[in-house]
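A.B. asks: Can you read through this structure? Questions will come right after.
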Amino acid sequence: MKHKEVPLFRVYVWERPVRIYHWINALCILVLCVTGYLIGNPIVLQHGGNDASNHYFFGWIRFIHFATAYLFLFNFLFRIYWGFVGNRYANWKNYFPYSKKHFQNMWDVLTVDVLQIRKKDIETPGHNAVANFMYFITFLAFLFEVITGFGMYSAMSDNWFSDLFRWVIPVFGGDLILRMIHHAVMWVFVVFTIVHVYLVFYHDYVDGSGVLSSMAGGWKFVSKEKFLKKNQEKAAEGK
């Protein structure tokens with residue numbers, strides 16, 4: 001069966017700051033997960049009978065983890081800032097389910113794209129409503145890992161910044177419980193990354209909208225007719 005050719009319109013969706021944030025965040029998560037796993041499950045290295053104190057392998061693992069945590073935090077704070085000053089696709093309102101329309105859009109995605117029990121045009125240049133909500137949950141997980149991570153770090157550091165998190169360990173009932181929870185949430189990022197990469201390749205193949213290359217160049221392709229119609233509807237609503 002021959003598919004009908006649809007005129008496409010190129011839309012600049014992801015601004016450069018968003019793309020830089022994305023790749024720095026991806027690198028940080030990779031490094032934090034690897035080093036975090038090694039911290040929770042340290043490997044044994046043989047050094048020809050030399051005393052372990054003569055080597056600093058595990059010390060470097062911890063240092064890389066702590067240093068990357070700072071980069072992860074400030075990169076995350078920048079993304080929050082850009083959610084207020086960036087374009088409409090990066091706006092914080094896309095991620096926070098604050099309106100009835102947002103929940104309606106989520107229901108449309110679930111019934112049309114996921115369950116495929118309805119037929120409706122829900123094409124959007126940015127993330128769909130369900131994807132935005134999942135990113136919102138992920139941002140909460142980011143915040144949780146930052147708070148619990150620096151809470152554990154405060155027990156071994158005396159700088160002013162780590163002192164801000166000294167309340168965390170008592171709240172969670174001790175260092176051991178906090179470490180277990182912090183380590184468990186790490187696997188949320190592992191699962192999220194696997195699903196995220198799969199969906200990116202899947203939608204890039206099925207939709208042909210350039211979702212894979214958009215995080216490199218910022219541009220995506222949408223139906224010109226649908227894009228112009230949606231803009232006209234928003235203009236009529238006074239947005």
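How things are named: the first chain in the structure tokens is A, the next is B, and so on; residues count from 1 in each chain; ligands count from 1 in the order shown.
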Would you mind listing what lies within 12 Å of Ala67 (chain A) as a list of chain:residue names, with only C-alpha atoms counted and same-chain residues fewer than 3 positions away left out?
C.D. replies: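 Listing them by chain and then by number gives A:Cys28, A:Val31, A:Leu32, A:Thr35, A:Trp60, A:Ile61, A:Arg62, A:Phe63, A:Ile64, A:Tyr70, A:Leu71, A:Phe72, A:Leu73, A:Phe74, A:Gly149, A:Phe150, A:Tyr153.
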A.B. asks: As a list of chain:residue names, please: the residues near region 92-97 of chain A (cut-off 9 Å, only C-alpha atoms, same-chain neighbours under 5 positions excluded).
C.D. replies: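 The residues that qualify are A:Ile80, A:Trp82, A:Gly83, A:Phe84, A:His102, A:Phe103, A:His127, A:Ala129, A:Ala131, A:Asn132, A:Phe133, A:Met134, A:Tyr135, A:Phe136, A:Ile137.
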A.B. asks: Got a sec to tell me which of region 70-224 of chain A DSSP assigns to strand (DSSP E), as a PyMOL selection string?
C.D. replies: chain A and resi 219-223
A.B. asks: Please save N, CA and C atoms of the selected residues as a CSV table (one decimal), in the first residue's frame.
C.D. replies:
chain,number,residue,atom,x,y,z
A,219,TRP,N,15.8,21.0,15.0
A,219,TRP,CA,14.7,21.1,14.1
A,219,TRP,C,13.9,19.8,14.1
A,220,LYS,N,12.6,19.9,13.9
A,220,LYS,CA,11.7,18.7,13.7
A,220,LYS,C,10.8,19.0,12.5
A,221,PHE,N,10.2,18.0,12.0
A,221,PHE,CA,9.3,18.1,10.8
A,221,PHE,C,7.9,17.7,11.2
A,222,VAL,N,7.0,18.5,10.9
A,222,VAL,CA,5.5,18.3,11.2
A,222,VAL,C,4.7,18.5,9.9
A,223,SER,N,3.5,18.1,9.9
A,223,SER,CA,2.6,18.3,8.8
A,223,SER,C,2.3,19.8,8.7
A.B. asks: Using only C-alpha atoms, find each residue of region 113-215 of chain A with at least one atom at most 10 Å away from an atom of region 6-18 of chain A; report its shortest atom-to-atom pair and that distance in Å (one decimal), sort the rows by chain and rising residue number, and return the result as a tab-separated table.
C.D. replies:
residue	atom	partner	partner_atom	distance
A:Pro125	CA	A:Val13	CA	6.7
A:Gly126	CA	A:Val13	CA	6.4
A:His127	CA	A:Val13	CA	9.8
A:Ser209	CA	A:Leu8	CA	8.9
A:Gly210	CA	A:Arg10	CA	9.7
A:Ser214	CA	A:Trp14	CA	7.0
A:Met215	CA	A:Trp14	CA	6.8
A.B. asks: I'd like a table as a tab-separated table: residues in region 107-202 of chain A with an atom no more than 9 Å from region 37-44 of chain A, each row giving the shortest atom pair and its distance in Å to one decimal, only C-alpha atoms counted, sorted by chain and rising residue number.
C.D. replies:
residue	atom	partner	partner_atom	distance
A:Arg179	CA	A:Gly40	CA	8.5
A:Met180	CA	A:Gly40	CA	8.7
A:His183	CA	A:Gly40	CA	7.2
A:Met186	CA	A:Tyr37	CA	8.5
A.B. asks: Enumerate as a VMD selection string all residues of region 25-189 of chain A assigned to helix (DSSP H, G or I) by DSSP on the backbone, naming them with the chain letters and numbers the document uses.
C.D. replies: chain A and resid 25 to 40 52 to 54 57 to 85 92 to 94 100 to 114 129 to 156 160 to 163 168 to 171 175 to 189
A.B. asks: Please produce a file of those selected residues containing C-alpha atoms, as a short mmCIF file (atom, residue, chain, number, x, y, z; two decimals), in the first residue's frame.
C.D. replies:
data_model
loop_
_atom_site.label_atom_id
_atom_site.label_comp_id
_atom_site.auth_asym_id
_atom_site.auth_seq_id
_atom_site.Cartn_x
_atom_site.Cartn_y
_atom_site.Cartn_z
CA ASN A 25 22.45 15.61 31.70
CA ALA A 26 22.77 12.35 29.75
CA LEU A 27 26.51 12.22 30.44
CA CYS A 28 26.01 13.03 34.13
CA ILE A 29 23.39 10.30 34.55
CA LEU A 30 25.67 7.76 32.87
CA VAL A 31 28.63 8.66 35.10
CA LEU A 32 26.52 8.87 38.26
CA CYS A 33 24.86 5.50 37.62
CA VAL A 34 28.15 3.73 36.90
CA THR A 35 30.03 5.23 39.84
CA GLY A 36 26.96 4.90 42.08
CA TYR A 37 26.70 1.22 41.27
CA LEU A 38 30.40 0.74 42.08
CA ILE A 39 29.98 2.60 45.36
CA GLY A 40 27.05 0.39 46.32
CA ALA A 52 45.02 -1.07 49.69
CA SER A 53 45.99 2.25 51.26
CA ASN A 54 48.70 2.60 48.59
CA PHE A 57 40.90 3.57 42.94
CA PHE A 58 37.79 3.74 45.13
CA GLY A 59 38.70 7.25 46.17
CA TRP A 60 38.65 8.32 42.52
CA ILE A 61 35.28 6.62 42.03
CA ARG A 62 33.82 8.60 44.90
CA PHE A 63 35.47 11.84 43.76
CA ILE A 64 34.09 11.44 40.22
CA HIS A 65 30.65 10.72 41.66
CA PHE A 66 30.69 13.80 43.91
CA ALA A 67 32.10 16.11 41.21
CA THR A 68 29.54 14.91 38.66
CA ALA A 69 26.78 15.43 41.23
CA TYR A 70 27.68 19.13 41.40
CA LEU A 71 27.61 19.39 37.60
CA PHE A 72 24.29 17.54 37.53
CA LEU A 73 22.80 19.92 40.11
CA PHE A 74 23.83 23.15 38.41
CA ASN A 75 22.81 21.83 35.01
CA PHE A 76 19.42 20.93 36.47
CA LEU A 77 19.05 24.41 38.00
CA PHE A 78 19.86 25.93 34.62
CA ARG A 79 17.10 23.85 33.01
CA ILE A 80 14.61 25.13 35.59
CA TYR A 81 15.69 28.68 34.75
CA TRP A 82 15.33 28.02 31.02
CA GLY A 83 11.83 26.73 31.64
CA PHE A 84 10.88 30.35 32.36
CA VAL A 85 12.87 32.16 29.63
CA TRP A 92 7.73 24.76 32.50
CA LYS A 93 3.96 24.81 31.97
CA ASN A 94 4.30 21.96 29.47
CA LYS A 100 -8.01 20.27 32.64
CA LYS A 101 -6.78 20.61 29.07
CA HIS A 102 -3.43 19.07 30.02
CA PHE A 103 -5.14 16.00 31.48
CA GLN A 104 -7.36 15.78 28.39
CA ASN A 105 -4.29 15.80 26.18
CA MET A 106 -2.75 13.03 28.30
CA TRP A 107 -5.92 10.96 27.89
CA ASP A 108 -5.80 11.50 24.12
CA VAL A 109 -2.22 10.25 23.93
CA LEU A 110 -3.00 7.19 26.05
CA THR A 111 -6.11 6.20 24.08
CA VAL A 112 -4.78 7.08 20.62
CA ASP A 113 -1.04 6.35 20.70
CA VAL A 114 -0.66 3.81 23.50
CA ALA A 129 1.36 15.42 27.07
CA VAL A 130 2.25 11.99 28.47
CA ALA A 131 5.94 12.46 27.68
CA ASN A 132 5.87 15.87 29.37
CA PHE A 133 4.27 14.37 32.47
CA MET A 134 6.88 11.59 32.59
CA TYR A 135 9.61 14.23 32.38
CA PHE A 136 7.92 16.02 35.28
CA ILE A 137 8.13 12.80 37.34
CA THR A 138 11.75 12.45 36.26
CA PHE A 139 12.50 16.00 37.40
CA LEU A 140 11.08 15.10 40.82
CA ALA A 141 13.37 12.05 40.86
CA PHE A 142 16.28 14.37 39.95
CA LEU A 143 15.41 16.58 42.90
CA PHE A 144 15.10 13.59 45.23
CA GLU A 145 18.51 12.23 44.23
CA VAL A 146 20.11 15.65 44.65
CA ILE A 147 18.68 16.10 48.15
CA THR A 148 19.47 12.57 49.35
CA GLY A 149 22.89 12.54 47.66
CA PHE A 150 24.04 15.78 49.22
CA GLY A 151 22.46 14.68 52.48
CA MET A 152 24.86 11.71 52.58
CA TYR A 153 27.71 13.91 51.44
CA SER A 154 27.10 16.33 54.33
CA ALA A 155 28.26 13.66 56.79
CA MET A 156 31.76 13.71 55.31
CA TRP A 160 28.73 25.51 53.76
CA PHE A 161 26.83 24.01 50.85
CA SER A 162 26.75 20.47 52.18
CA ASP A 163 25.76 21.83 55.59
CA VAL A 168 18.26 14.87 55.41
CA ILE A 169 19.82 11.88 57.24
CA PRO A 170 17.72 12.29 60.43
CA VAL A 171 14.54 12.70 58.36
CA ASP A 175 22.50 6.92 56.85
CA LEU A 176 21.94 3.26 55.92
CA ILE A 177 18.28 3.66 54.98
CA LEU A 178 19.09 6.83 53.04
CA ARG A 179 21.81 5.06 51.05
CA MET A 180 19.48 2.19 50.19
CA ILE A 181 16.73 4.53 48.95
CA HIS A 182 19.20 6.70 47.02
CA HIS A 183 20.66 3.60 45.36
CA ALA A 184 17.20 2.18 44.56
CA VAL A 185 16.07 5.36 42.80
CA MET A 186 19.19 5.12 40.63
CA TRP A 187 17.56 2.15 38.88
CA VAL A 188 14.64 4.40 37.94
CA PHE A 189 17.08 6.36 35.77
#
